[in-house]
Each structure stands twice: as C-alpha cells, then as structure tokens.
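Enquirer: Contents are TSV, C-alpha atoms; file name final_18.tsv:
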```tsv
chain	number	residue	atom	x	y	z
A	12	MET	CA	-4.26	-9.25	48.95
A	13	SER	CA	-4.66	-8.83	52.71
A	14	ALA	CA	-3.82	-11.73	55.03
A	15	ALA	CA	-7.53	-12.39	55.56
A	16	GLU	CA	-8.23	-12.42	51.79
A	17	ALA	CA	-5.25	-14.66	51.01
A	18	ALA	CA	-6.09	-17.14	53.77
A	19	ALA	CA	-9.74	-17.26	52.66
A	20	ALA	CA	-8.77	-17.83	49.01
A	21	LEU	CA	-6.57	-20.76	50.03
A	22	GLY	CA	-9.02	-22.09	52.58
A	23	VAL	CA	-6.41	-22.11	55.35
A	24	THR	CA	-5.74	-20.35	58.62
A	25	ARG	CA	-3.47	-17.33	58.87
A	26	SER	CA	-0.79	-19.45	60.53
A	27	SER	CA	-0.80	-21.76	57.49
A	28	LEU	CA	-0.56	-18.71	55.21
A	29	TYR	CA	2.48	-17.49	57.16
A	30	ALA	CA	4.02	-20.96	56.78
A	31	TYR	CA	3.57	-20.75	52.99
A	32	VAL	CA	5.31	-17.37	53.05
A	33	SER	CA	8.24	-18.71	55.08
A	34	ARG	CA	8.66	-21.57	52.59
A	35	GLY	CA	8.74	-19.15	49.65
A	36	TYR	CA	5.42	-20.20	48.12
A	37	VAL	CA	3.77	-16.80	48.58
A	38	ARG	CA	5.52	-13.42	48.40
A	39	SER	CA	4.56	-10.67	50.82
A	40	GLU	CA	5.63	-7.09	51.44
A	41	ALA	CA	4.93	-4.41	54.03
A	42	GLN	CA	2.69	-1.52	53.00
A	43	ALA	CA	3.45	2.12	53.71
A	44	GLY	CA	1.66	3.69	56.67
A	45	PRO	CA	1.61	3.38	60.44
A	46	SER	CA	0.05	-0.10	60.51
A	47	ARG	CA	2.72	-1.64	58.23
A	48	GLU	CA	0.18	-4.32	57.34
A	49	ARG	CA	1.60	-6.88	54.95
A	50	ARG	CA	0.08	-7.61	51.58
A	51	TYR	CA	0.29	-10.94	49.76
A	52	SER	CA	0.87	-11.64	46.05
A	53	ARG	CA	-2.42	-12.50	44.37
A	54	GLU	CA	-0.53	-14.26	41.58
A	55	ASP	CA	1.25	-16.55	44.08
A	56	VAL	CA	-1.94	-17.25	46.01
A	57	GLU	CA	-3.79	-18.20	42.82
A	58	ALA	CA	-0.91	-20.40	41.64
A	59	LEU	CA	-0.77	-22.18	45.01
A	60	LYS	CA	-4.54	-22.65	44.95
A	61	ARG	CA	-4.30	-24.24	41.48
A	62	ARG	CA	-1.59	-26.63	42.66
A	63	LYS	CA	-3.70	-27.72	45.59
A	64	GLU	CA	-6.69	-28.33	43.32
A	65	GLU	CA	-4.56	-30.30	40.88
A	66	ARG	CA	-3.24	-32.57	43.61
A	67	ARG	CA	-6.85	-33.43	44.44
A	68	ASP	CA	-7.69	-34.05	40.77
A	69	PRO	CA	-4.59	-35.27	38.87
A	70	GLU	CA	-6.54	-35.99	35.67
A	71	LYS	CA	-7.76	-32.41	35.54
A	72	ALA	CA	-4.17	-31.25	35.99
A	73	ALA	CA	-3.01	-33.44	33.12
A	74	ARG	CA	-5.70	-32.10	30.82
A	75	ARG	CA	-4.72	-28.47	31.29
A	76	ALA	CA	-1.00	-28.67	32.03
A	77	LEU	CA	-0.02	-27.94	28.43
A	78	HIS	CA	-2.67	-25.26	27.84
A	79	TRP	CA	-2.01	-22.13	29.90
A	80	GLY	CA	-1.50	-24.47	32.84
A	81	VAL	CA	1.14	-24.95	35.48
A	82	PRO	CA	4.79	-24.47	34.40
A	83	VAL	CA	6.21	-27.64	32.93
A	84	LEU	CA	9.88	-26.62	32.75
A	85	GLU	CA	12.17	-24.54	34.93
A	86	SER	CA	13.82	-21.51	33.33
A	87	ALA	CA	15.87	-18.59	34.66
A	88	ILE	CA	15.36	-16.41	31.58
A	89	THR	CA	11.98	-14.67	31.80
A	90	LEU	CA	9.65	-13.62	34.60
A	91	ILE	CA	6.15	-12.26	33.97
A	92	ALA	CA	4.81	-10.79	37.20
A	93	ASN	CA	2.55	-7.95	38.30
A	94	GLY	CA	1.94	-6.85	34.71
A	95	ARG	CA	5.65	-6.56	33.92
A	96	LEU	CA	8.17	-8.51	31.86
A	97	TYR	CA	11.72	-9.21	33.07
A	98	TYR	CA	14.75	-10.83	31.41
A	99	ARG	CA	16.99	-12.31	34.12
A	100	GLY	CA	15.70	-9.73	36.60
A	101	TYR	CA	15.94	-6.68	34.30
A	102	GLU	CA	12.72	-5.04	33.12
A	103	ALA	CA	12.38	-5.59	29.36
A	104	THR	CA	10.86	-2.17	28.67
A	105	GLU	CA	13.91	-0.50	30.22
A	106	LEU	CA	16.34	-2.74	28.35
A	107	ALA	CA	14.58	-1.80	25.11
A	108	ARG	CA	15.57	1.84	25.63
A	109	SER	CA	18.99	1.48	27.20
A	110	HIS	CA	20.78	-1.55	25.75
A	111	SER	CA	21.87	-2.97	22.40
A	112	ILE	CA	20.70	-6.19	20.76
A	113	ALA	CA	24.10	-7.74	21.50
A	114	GLN	CA	23.90	-6.82	25.19
A	115	VAL	CA	20.39	-8.23	25.62
A	116	ALA	CA	21.26	-11.39	23.67
A	117	SER	CA	24.32	-11.81	25.86
A	118	LEU	CA	22.20	-11.33	28.99
A	119	VAL	CA	19.65	-13.93	27.90
A	120	TRP	CA	22.27	-16.45	26.77
A	121	THR	CA	25.01	-16.05	29.36
A	122	GLY	CA	23.59	-13.99	32.24
A	123	SER	CA	26.02	-11.15	31.49
A	124	PHE	CA	25.68	-8.08	29.26
A	125	ASP	CA	29.13	-8.53	27.73
A	126	SER	CA	30.04	-11.92	26.28
A	127	PRO	CA	33.14	-12.37	24.10
A	128	ALA	CA	31.25	-15.08	22.21
A	129	LEU	CA	29.14	-12.47	20.43
A	130	GLU	CA	31.91	-11.06	18.27
A	131	PRO	CA	32.27	-13.46	15.30
A	132	ARG	CA	29.72	-13.30	12.52
A	133	LEU	CA	28.68	-15.93	10.06
A	134	ARG	CA	30.43	-15.62	6.73
A	135	PRO	CA	28.17	-14.50	3.87
A	136	VAL	CA	26.02	-17.32	2.52
A	137	ALA	CA	25.07	-17.24	-1.14
A	138	GLY	CA	21.36	-16.90	-1.73
A	139	ALA	CA	20.46	-14.51	1.07
A	140	ARG	CA	18.92	-12.07	-1.41
A	141	ARG	CA	15.17	-11.77	-1.79
A	142	ALA	CA	13.54	-14.67	-3.61
A	143	GLY	CA	10.44	-13.25	-5.24
A	144	ARG	CA	7.49	-13.16	-2.84
A	145	ILE	CA	8.62	-16.10	-0.71
A	146	PRO	CA	7.83	-15.18	2.93
A	147	PHE	CA	10.65	-14.39	5.33
A	148	VAL	CA	10.16	-17.51	7.45
A	149	SER	CA	10.52	-19.86	4.48
A	150	ARG	CA	13.63	-18.06	3.22
A	151	ALA	CA	15.13	-17.99	6.70
A	152	GLN	CA	14.59	-21.70	7.26
A	153	SER	CA	16.26	-22.51	3.93
A	154	MET	CA	19.28	-20.33	4.68
A	155	LEU	CA	19.62	-21.68	8.22
A	156	ALA	CA	19.72	-25.24	6.88
A	157	ILE	CA	22.54	-24.27	4.50
A	158	ALA	CA	24.41	-22.38	7.22
A	159	SER	CA	24.09	-25.31	9.61
A	160	ALA	CA	25.69	-27.65	7.08
A	161	ARG	CA	28.56	-25.19	6.55
A	162	ASP	CA	29.24	-24.35	10.20
A	163	PRO	CA	31.95	-26.74	11.51
A	164	VAL	CA	31.08	-26.00	15.15
A	165	ALA	CA	27.29	-26.15	14.85
A	166	PHE	CA	27.15	-29.22	17.10
A	167	ASP	CA	29.38	-27.78	19.80
A	168	LEU	CA	26.67	-27.48	22.44
A	169	ARG	CA	28.72	-25.91	25.21
A	170	PRO	CA	27.19	-22.62	26.42
A	171	GLN	CA	29.77	-20.25	24.92
A	172	ALA	CA	29.76	-22.08	21.59
A	173	VAL	CA	25.95	-21.97	21.46
A	174	ALA	CA	26.04	-18.23	22.17
A	175	GLN	CA	28.51	-17.81	19.31
A	176	SER	CA	26.25	-19.80	16.97
A	177	GLY	CA	23.29	-17.75	18.18
A	178	TRP	CA	25.01	-14.50	17.27
A	179	ARG	CA	25.81	-15.83	13.80
A	180	ILE	CA	22.20	-16.90	13.39
A	181	LEU	CA	20.85	-13.47	14.38
A	182	ASN	CA	23.11	-11.72	11.87
A	183	LEU	CA	22.14	-14.19	9.16
A	184	LEU	CA	18.42	-13.64	9.81
A	185	ALA	CA	18.84	-9.88	9.57
A	186	SER	CA	20.60	-10.30	6.22
A	187	VAL	CA	17.89	-12.63	4.94
A	188	ALA	CA	15.17	-10.20	6.03
A	189	VAL	CA	16.51	-7.36	3.87
A	190	GLY	CA	18.02	-9.44	1.07
A	191	SER	CA	21.60	-8.46	1.83
A	192	PRO	CA	24.54	-10.88	1.46
A	193	GLU	CA	25.86	-9.80	4.87
A	194	PRO	CA	25.01	-7.41	7.75
A	195	THR	CA	25.69	-3.70	7.19
A	196	GLY	CA	26.20	-2.81	10.85
A	197	THR	CA	24.35	-3.76	14.00
A	198	ILE	CA	21.30	-5.97	13.55
A	199	ASP	CA	18.84	-3.13	14.07
A	200	LEU	CA	20.76	-0.86	11.71
A	201	THR	CA	20.99	-3.62	9.08
A	202	LEU	CA	17.19	-3.93	9.14
A	203	ALA	CA	16.56	-0.18	9.19
A	204	ARG	CA	18.92	0.51	6.27
A	205	GLY	CA	17.71	-2.49	4.30
A	206	TRP	CA	14.12	-1.30	4.64
A	207	GLY	CA	15.09	2.22	3.55
A	208	ASN	CA	14.55	3.90	6.92
A	209	ALA	CA	17.89	4.26	8.70
A	210	SER	CA	16.45	6.72	11.23
A	211	SER	CA	14.13	4.03	12.59
A	212	ALA	CA	16.93	1.86	14.04
A	213	ALA	CA	16.12	2.75	17.68
A	214	VAL	CA	12.46	1.73	17.37
A	215	ILE	CA	13.39	-1.46	15.51
A	216	ARG	CA	15.93	-2.27	18.23
A	217	ALA	CA	13.25	-1.82	20.89
A	218	ALA	CA	10.84	-4.06	18.96
A	219	LEU	CA	13.44	-6.83	18.72
A	220	ILE	CA	14.31	-6.63	22.42
A	221	LEU	CA	10.68	-6.59	23.54
A	222	SER	CA	10.05	-9.67	21.37
A	223	ALA	CA	13.08	-11.56	22.68
A	224	ASP	CA	11.33	-13.95	25.05
A	225	HIS	CA	8.01	-14.53	26.75
A	226	GLU	CA	8.35	-17.58	28.95
A	227	LEU	CA	7.25	-20.99	27.59
A	228	ASN	CA	5.13	-19.93	24.64
A	229	VAL	CA	4.54	-22.46	21.89
A	230	SER	CA	7.64	-21.58	19.83
A	231	SER	CA	9.95	-21.53	22.87
A	232	PHE	CA	8.56	-24.85	24.08
A	233	THR	CA	9.10	-26.23	20.57
A	234	ALA	CA	12.67	-24.92	20.63
A	235	ARG	CA	13.35	-26.62	23.96
A	236	CYS	CA	11.90	-29.92	22.72
A	237	VAL	CA	14.14	-29.85	19.65
A	238	ALA	CA	17.17	-28.87	21.75
A	239	SER	CA	16.43	-31.72	24.16
A	240	ALA	CA	16.84	-34.13	21.24
A	241	GLY	CA	20.42	-32.88	20.79
A	242	SER	CA	19.72	-30.90	17.63
A	243	ASN	CA	22.04	-27.96	16.95
A	244	PRO	CA	21.06	-24.27	17.43
A	245	TYR	CA	20.32	-23.75	13.72
A	246	GLU	CA	17.82	-26.62	13.81
A	247	VAL	CA	16.34	-25.23	17.03
A	248	VAL	CA	15.66	-21.89	15.32
A	249	ILE	CA	14.26	-23.59	12.20
A	250	ALA	CA	11.74	-25.35	14.46
A	251	GLY	CA	10.96	-22.15	16.35
A	252	LEU	CA	10.26	-20.36	13.07
A	253	ALA	CA	7.82	-23.09	12.04
A	254	ALA	CA	5.85	-22.52	15.25
A	255	VAL	CA	6.06	-18.72	15.33
A	256	GLU	CA	4.48	-18.35	11.90
A	257	GLY	CA	1.20	-19.84	13.13
A	258	THR	CA	-1.75	-17.45	13.30
A	259	ARG	CA	-2.25	-18.18	17.01
A	260	HIS	CA	1.29	-17.06	17.77
A	261	GLY	CA	3.54	-14.56	15.96
A	262	GLY	CA	1.48	-14.86	12.80
A	263	ALA	CA	-1.29	-12.95	14.58
A	264	SER	CA	0.49	-9.75	13.51
A	265	ILE	CA	-0.24	-10.65	9.87
A	266	ARG	CA	-3.94	-10.76	10.71
A	267	VAL	CA	-3.64	-7.41	12.49
A	268	GLU	CA	-1.94	-5.91	9.42
A	269	ALA	CA	-4.79	-7.18	7.25
A	270	LEU	CA	-7.38	-5.73	9.63
A	271	LEU	CA	-5.69	-2.32	9.65
A	272	ARG	CA	-5.54	-2.30	5.83
A	273	THR	CA	-9.25	-3.10	5.67
A	274	LEU	CA	-10.19	-0.38	8.14
A	275	ARG	CA	-7.89	2.34	6.83
A	276	GLY	CA	-10.46	3.96	4.54
A	277	THR	CA	-13.35	3.52	6.96
A	278	ARG	CA	-14.85	6.53	8.73
A	279	GLU	CA	-16.94	4.53	11.19
A	280	ILE	CA	-14.28	2.28	12.68
A	281	ARG	CA	-16.39	0.99	15.54
A	282	ALA	CA	-19.26	0.08	13.22
A	283	ALA	CA	-16.83	-1.75	10.93
A	284	LEU	CA	-15.47	-3.73	13.87
A	285	VAL	CA	-18.98	-4.62	15.00
A	286	GLU	CA	-19.69	-5.94	11.50
A	287	HIS	CA	-16.41	-7.83	11.65
A	288	LEU	CA	-17.58	-9.58	14.81
A	289	ARG	CA	-21.05	-10.16	13.37
A	290	ARG	CA	-19.47	-12.15	10.54
A	291	GLY	CA	-17.82	-14.40	13.11
A	292	GLN	CA	-14.33	-12.97	12.57
A	293	SER	CA	-11.99	-12.33	15.48
A	294	ILE	CA	-10.34	-8.98	16.21
A	295	ASP	CA	-6.72	-9.98	16.68
A	296	GLY	CA	-4.12	-8.05	18.62
A	297	PHE	CA	-6.09	-7.38	21.80
A	298	GLY	CA	-6.03	-8.98	25.24
A	299	HIS	CA	-3.23	-11.20	26.55
A	300	PRO	CA	-3.96	-13.95	29.11
A	301	LEU	CA	-0.77	-13.26	31.07
A	302	TYR	CA	-1.48	-9.56	31.68
A	303	ARG	CA	-4.40	-8.53	33.82
A	304	ASP	CA	-4.49	-4.97	32.46
A	305	ALA	CA	-2.26	-4.30	29.46
A	306	ASP	CA	0.70	-5.77	27.57
A	307	PRO	CA	3.72	-3.70	28.71
A	308	ARG	CA	5.52	-4.44	25.45
A	309	ALA	CA	2.74	-2.83	23.43
A	310	ILE	CA	2.64	0.17	25.76
A	311	ALA	CA	6.40	0.69	25.41
A	312	LEU	CA	6.39	0.44	21.60
A	313	MET	CA	3.39	2.72	21.14
A	314	ARG	CA	5.00	5.26	23.47
A	315	MET	CA	8.22	5.23	21.43
A	316	LEU	CA	6.26	5.73	18.22
A	317	HIS	CA	4.51	8.70	19.82
A	318	GLU	CA	7.82	10.24	20.84
A	319	ARG	CA	9.36	9.91	17.38
A	320	HIS	CA	6.32	10.26	15.10
A	321	PRO	CA	3.79	12.42	17.00
A	322	ARG	CA	2.16	13.71	13.81
A	323	SER	CA	1.85	10.38	12.03
A	324	SER	CA	-1.60	9.89	10.52
A	325	GLU	CA	-1.05	6.12	10.61
A	326	LEU	CA	-0.42	6.30	14.36
A	327	SER	CA	-3.53	8.41	14.93
A	328	PHE	CA	-5.57	5.94	12.89
A	329	ALA	CA	-4.17	2.95	14.83
A	330	GLU	CA	-5.02	4.60	18.14
A	331	ALA	CA	-8.56	5.16	16.93
A	332	VAL	CA	-8.78	1.45	16.11
A	333	ALA	CA	-7.41	0.58	19.55
A	334	ARG	CA	-10.00	2.77	21.26
A	335	ALA	CA	-12.86	1.31	19.23
A	336	ALA	CA	-11.74	-2.29	19.73
A	337	GLY	CA	-11.14	-1.63	23.42
A	338	SER	CA	-14.68	-0.35	23.89
A	339	LEU	CA	-16.06	-3.49	22.24
A	340	LEU	CA	-13.78	-6.12	23.74
A	341	ASP	CA	-12.76	-4.45	27.00
A	342	GLN	CA	-9.18	-5.41	26.12
A	343	ARG	CA	-5.95	-3.53	25.46
A	344	PRO	CA	-3.49	-3.97	22.54
A	345	THR	CA	-0.89	-6.73	22.57
A	346	ILE	CA	2.58	-6.67	21.06
A	347	ASP	CA	1.10	-8.12	17.83
A	348	PHE	CA	-0.96	-4.96	17.38
A	349	ALA	CA	1.96	-2.69	18.27
A	350	LEU	CA	4.31	-4.41	15.79
A	351	ALA	CA	1.74	-4.07	13.01
A	352	VAL	CA	1.31	-0.38	13.85
A	353	LEU	CA	5.10	0.10	13.91
A	354	SER	CA	5.33	-1.46	10.46
A	355	ARG	CA	2.71	0.93	9.06
A	356	VAL	CA	4.09	4.06	10.75
A	357	LEU	CA	7.63	3.34	9.52
A	358	ARG	CA	6.35	2.23	6.09
A	359	LEU	CA	8.15	-1.11	6.28
A	360	PRO	CA	7.51	-3.92	3.77
A	361	GLU	CA	4.41	-6.05	4.21
A	362	GLY	CA	5.01	-8.83	6.75
A	363	SER	CA	7.72	-6.90	8.59
A	364	ALA	CA	5.84	-7.18	11.89
A	365	LEU	CA	6.23	-10.96	11.89
A	366	THR	CA	9.83	-10.66	10.69
A	367	LEU	CA	10.71	-8.42	13.63
A	368	PHE	CA	8.93	-10.71	16.08
A	369	ALA	CA	10.68	-13.82	14.71
A	370	ILE	CA	14.18	-12.31	14.71
A	371	GLY	CA	13.67	-10.93	18.21
A	372	ARG	CA	12.26	-14.21	19.52
A	373	THR	CA	15.32	-16.03	18.16
A	374	ILE	CA	17.21	-14.55	21.11
A	375	GLY	CA	14.87	-16.39	23.46
A	376	TRP	CA	15.02	-19.65	21.51
A	377	ILE	CA	18.80	-19.71	21.76
A	378	GLY	CA	18.57	-18.94	25.49
A	379	HIS	CA	16.18	-21.84	26.03
A	380	ALA	CA	18.45	-24.09	23.98
A	381	VAL	CA	21.38	-23.20	26.24
A	382	GLU	CA	19.33	-24.14	29.30
A	383	GLN	CA	18.05	-27.35	27.75
A	384	TYR	CA	21.46	-28.55	26.58
A	385	ALA	CA	22.70	-28.17	30.16
A	386	GLN	CA	19.88	-30.37	31.47
A	387	GLN	CA	20.65	-33.12	28.93
A	388	GLY	CA	17.31	-34.88	29.40
A	389	VAL	CA	14.81	-35.46	26.58
A	390	ILE	CA	11.43	-33.74	26.87
A	391	ARG	CA	9.02	-36.60	26.39
A	392	PRO	CA	5.47	-36.13	27.77
A	393	ARG	CA	3.23	-39.19	28.01
A	394	ALA	CA	-0.09	-39.38	26.17
A	395	ARG	CA	-3.34	-40.12	27.98
A	396	TYR	CA	-4.98	-42.72	25.75
A	397	VAL	CA	-8.66	-42.04	24.96
A	398	GLY	CA	-9.12	-44.34	21.95
A	399	SER	CA	-10.74	-47.74	21.54
A	400	THR	CA	-10.07	-50.32	24.23
A	401	PRO	CA	-7.85	-53.17	22.99
A	402	SER	CA	-9.67	-56.47	22.77
A	403	ALA	CA	-8.93	-60.06	21.74
A	404	GLY	CA	-8.80	-60.59	18.02
A	405	ARG	CA	-7.67	-57.06	17.14
A	406	GLY	CA	-4.50	-57.06	15.09
```
Spell out the structure here as structure tokens.
Expert:
Amino acid sequence: MSAAEAAAALGVTRSSLYAYVSRGYVRSEAQAGPSRERRYSREDVEALKRRKEERRDPEKAARRALHWGVPVLESAITLIANGRLYYRGYEATELARSHSIAQVASLVWTGSFDSPALEPRLRPVAGARRAGRIPFVSRAQSMLAIASARDPVAFDLRPQAVAQSGWRILNLLASVAVGSPEPTGTIDLTLARGWGNASSAAVIRAALILSADHELNVSSFTARCVASAGSNPYEVVIAGLAAVEGTRHGGASIRVEALLRTLRGTREIRAALVEHLRRGQSIDGFGHPLYRDADPRAIALMRMLHERHPRSSELSFAEAVARAAGSLLDQRPTIDFALAVLSRVLRLPEGSALTLFAIGRTIGWIGHAVEQYAQQGVIRPRARYVGSTPSAGRG
C-alpha cells in the first residue's frame, strides 16, 4: 500500500503512520525507481486496524479471538506472510526440496538443522503391524500410548529431551503407517518402501515437510493446551491426532479423495460439480483463508508431481477438476487437495493423504510443545457466560 492508502485505511495522519512504522507495527520497504517511494504492508495495516477496532469493542474481540481472530499465543516457529510459508525464517517450499525430514524437524524443534538429539530411535513396539481396516489415527494413538508407558524419559520436558522423544515418535508413526515393526531407513523412505513405491520418497518427503506446521491451527492449539498441562510429548501427539482427523482440518483430504473417486469416470466434470453444489454438498480442498491467492504448499506439491509424473492420467484428471472447481468457486487448491492428488498419482493406500498430513504435522506439534513447556503457564481461557441468570431459590 502507498503511504496515503495506509494512512486512510487506519484513519490516521501520515506522521502517525510513520510512528507505527518506527515502533515496528507496520513494515515498509522502498520501491525500485527514481522516486524510491515506500510501500507499506497491507497485512500489517489490516492487523493494526483490527486491533484498534477490538480495543473500542472488547466484546467483539472476545467473540472472534478464537475463530480466525487475533493471535492468542506467541510462537517463533511459523510465519505466514505475503502468500508464503516460513519455518523459523526459511521458506517451507525450498526446505521441501533441499532438506531432510530430520533437518527440518531439528530446525522446528531446536532452531538448528543439526541436533544430536535426533539420533536415537524408539525400540520396536509389538503390535505396530496393520490391524485390519482400523484407520491410521486410531492405530497410531494406541501405539503412542503404549510407547509412552514404556519410555522412561517421556516426562523429561527439557528441550533436548523433548526433541529426542519427538524423533522417536516420528519413527514410530512411520512404522505404524506401513505396518512395519521398525523403520527401514529414513522416515520418507520407510513410508515409500512400505507403500510399495520406493521411487516416490522425494515427493513423500516434500509432503511431510510442507505439512509440518501452519501456525496456530486447531490441532497445534490443542497440542499446546495439552503441553501446558504438563503432559508428555506422546500425549501431546495423541491429542493432536484427535484434532487433525476432523473433517474441518486434516480430515478434509479424505473428503477430497472421495470427491475425486466420484468424479473419476465423469466426462462433464464441471456439470458434476455444479450438481454437487446443488445438492448442498461442499467442494473441499479449495480456498484457504490465510492465502489471498493460492496455497504455496499445494503449488509446490503439484509442481513436483508434474516434474516426476508428467504423463500421469491421474494428474491430468486432477488438474481438470482443479480448473473446473476454480471456475465455479474462484478459489485455488489447498494442500488437502494436493495430498489427495499425490496419493492417487503414486497409487498409495486409501487414506494416505491424511496419514502424510498427520505425520508431517507431528513435527509442528512437538515444536509447539517445546515452546509451551518453556513458558510453564497453563492455557486457560475464560468463558463468557450466556446462560440463565442465577436467581434466588435455584439450587
């Protein structure tokens, strides 16, 4: 935004705008060209405007604070800005191509790419093999509960110990996902081999890294709440898995998979989507509130699939669905759509999109647990009572 636009949006003079910049409330940068006119971050201006409005109407602020509202906790892990996603200052889409799962986990948990805490693995736990058609999340929660009881240092909540527990948890989840008693290499390779597609390890690695964290989403907030109670990292991940399975969160990829299965034999995709909407059904996997244009995670994954599987009929079909849905909704694919497409292109087992999202997001949950343990306080919001007014005679 120009200075005039930013000042008008805030309802202040230019001198007040410059004061906000000097205090760090609004970022600005010089533009190329002879005038060197400065431009001002629209995101910062809108956030500052919201804060001013909320100070004038505290009840309104309370109503929306926990629903896409103002940040409620400080975190140094993830930044979403200008349509991009960063982990501790590094762009996630670049990390997905250039770094390993261990390096990204180390970065999120410790701030460094190389942590000695990420060497030990959890010893094999009996029962990690597939259990009929029980979904991954249910199997993972059961195995984590067993592993927690068997881990003598599970309640060591110092940062390095939590990172070590986190690495054990990630390896255990990979084993549970493919029904193996123990990892058969790196986490991405364990998954790729277990799903019968060893050549897909690079794309799986990228999917895990791009799913690692996304600020204070519902599962990460749940993880922080559980960590604030003093629960150990295994219990934090069990809670995160309960939240991530919901259809309004990671479970959206299951709905996308179902939609793609339904549309696969349809010639008139757009007409089928119109009928879908006419029946009152949503078209999941499109449009993310935190990205004005497109989800960079979805763009990165779809690009990698193009590079490695340019002749895939499944990929061509998915792109046709994306075009049709985009023309109807005026929205672009999210990571939920991209993960479902990845699962179909690589011919992974049903539900693999959610499995990848959950294992990747575990990295973020452990990172938030590390931060929350350091703060030591309990997250305990107050409720705004809207029920019956107490009166005399009521027990």
Enquirer: Identify the residues within 7 Å of coordinate (17.5, -4.3, 12.1) (same frame as the file), considering only C-alpha atoms, and give the answer as number ranges by chain.
Expert: A: 185, 198-203, 212, 215-216
Enquirer: Which distance in Å separates atom CA of A:Tyr51 and atom CA of A:Ser13, to one decimal?
Expert: 6.1 Å
Enquirer: Provide the atom CA of A:Glu330 to atom CA of A:Thr273 distance in Å, to one decimal place.
Expert: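 That distance, rounded to one decimal, is 15.3 Å.
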Enquirer: Using all atoms listed in the file, pick whichever of A:Leu357, A:Val189, A:Val119, A:Val381 has the shortest atom-to-atom distance to A:Glu325.
Expert: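 Looking only at the distances to A:Glu325, the closest residue turns out to be A:Leu357.
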Enquirer: So that I can see what lies close to A:Val148, please list as an MDAnalysis selection string the residues with an atom at most 12 Å from it, counting all atoms listed in the file and leaving out residues fewer than 3 positions away in the same chain.
Expert: chainID A and resid 141:142 144:145 151:155 184:185 187:188 248:257 261:262 362:363 365:370 373
Enquirer: For a cut-off of 10 Å around (14.1, -29.9, 27.5), file coordinates, pick out all residues using all atoms listed in the file and list them as a list in words.
Expert: Val83, Leu84, Glu85, Phe232, Thr233, Ala234, Arg235, Cys236, Val237, Ala238, Ser239, Ala240, Gly241, His379, Ala380, Val381, Glu382, Gln383, Tyr384, Ala385, Gln386, Gln387, Gly388, Val389, Ile390 and Arg391 of chain A
Enquirer: Have a look at A:Arg372, A:Glu16, A:Ala128, A:Thr277 and name the one nearest to A:Val229; count all atoms listed in the file.
Expert: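 Smallest separation from A:Val229 among the options: A:Arg372.
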Enquirer: Distance atom CA of A:Met313-atom CA of A:Ala333, one decimal place?
Expert: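 Between atom CA of A:Met313 and atom CA of A:Ala333 the gap is 11.1 Å.
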Enquirer: Neighbours of A:Gly298 within 8 Å (only C-alpha atoms; same-chain residues fewer than 6 positions away dropped), as a count of residues only?
Expert: 6
Enquirer: Find the residue from A:Asn243, A:Pro127, A:Gly205, A:Val164 that sits nearest to A:Gly190; use only C-alpha atoms when measuring.
Expert: A:Gly205
Enquirer: So that I can see what lies close to stretch 56-60 of chain A, please list as an mmCIF file with C-alpha atoms, in the coordinates of the input the residues with an atom at most 9 Å from it, counting only C-alpha atoms and leaving out residues fewer than 4 positions away in the same chain.
Expert:
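Written out: part-v2.cif:
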```cif
data_model
loop_
_atom_site.group_PDB
_atom_site.id
_atom_site.type_symbol
_atom_site.label_atom_id
_atom_site.label_comp_id
_atom_site.auth_asym_id
_atom_site.auth_seq_id
_atom_site.Cartn_x
_atom_site.Cartn_y
_atom_site.Cartn_z
ATOM 1 C CA MET A 12 -4.260 -9.250 48.950
ATOM 2 C CA ALA A 17 -5.250 -14.660 51.010
ATOM 3 C CA ALA A 18 -6.090 -17.140 53.770
ATOM 4 C CA ALA A 20 -8.770 -17.830 49.010
ATOM 5 C CA LEU A 21 -6.570 -20.760 50.030
ATOM 6 C CA GLY A 22 -9.020 -22.090 52.580
ATOM 7 C CA TYR A 36 5.420 -20.200 48.120
ATOM 8 C CA VAL A 37 3.770 -16.800 48.580
ATOM 9 C CA ARG A 38 5.520 -13.420 48.400
ATOM 10 C CA TYR A 51 0.290 -10.940 49.760
ATOM 11 C CA SER A 52 0.870 -11.640 46.050
ATOM 12 C CA GLU A 64 -6.690 -28.330 43.320
ATOM 13 C CA GLU A 65 -4.560 -30.300 40.880
ATOM 14 C CA VAL A 81 1.140 -24.950 35.480
#
```
Enquirer: Using only C-alpha atoms, can you tell me which of A:Arg25, A:Arg319, A:Arg395, A:Arg355 comes closest to A:Ser211?
Expert: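 Nearest candidate to A:Ser211 out of A:Arg25, A:Arg319, A:Arg395, A:Arg355: A:Arg319.
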Enquirer: I need the residue nearest A:Glu286 from this list: A:Leu339, A:Leu326, A:Ala172, A:Ala43. Use only C-alpha atoms for the distance.
Expert: A:Leu339
Enquirer: Hey, which of A:Tyr302, A:Trp206, A:Phe297, A:Phe348 ends up closest to A:Pro360? Count all atoms listed in the file.
Expert: A:Trp206
Enquirer: Leaving out A:His287 and any residue of its chain fewer than 4 positions from it, which residues lie within 12 Å of it when counting all atoms listed in the file, given as a list in words?
Expert: Leu270, Thr273, Leu274, Ile280, Arg281, Ala282, Ala283, Gly291, Gln292, Ser293, Ile294, Asp295, Ala336 and Leu339 of chain A
Enquirer: Please save C-alpha atoms of the selected residues as a compact mmCIF listing (two decimals), in the frame of the given file.
Expert:
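Heads up, here's the output in again-v3.txt:
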```txt
# COMPACT_ATOMS: atom_id res chain seq x y z
CA LEU A 270 -7.38 -5.73 9.63
CA THR A 273 -9.25 -3.10 5.67
CA LEU A 274 -10.19 -0.38 8.14
CA ILE A 280 -14.28 2.28 12.68
CA ARG A 281 -16.39 0.99 15.54
CA ALA A 282 -19.26 0.08 13.22
CA ALA A 283 -16.83 -1.75 10.93
CA GLY A 291 -17.82 -14.40 13.11
CA GLN A 292 -14.33 -12.97 12.57
CA SER A 293 -11.99 -12.33 15.48
CA ILE A 294 -10.34 -8.98 16.21
CA ASP A 295 -6.72 -9.98 16.68
CA ALA A 336 -11.74 -2.29 19.73
CA LEU A 339 -16.06 -3.49 22.24
```
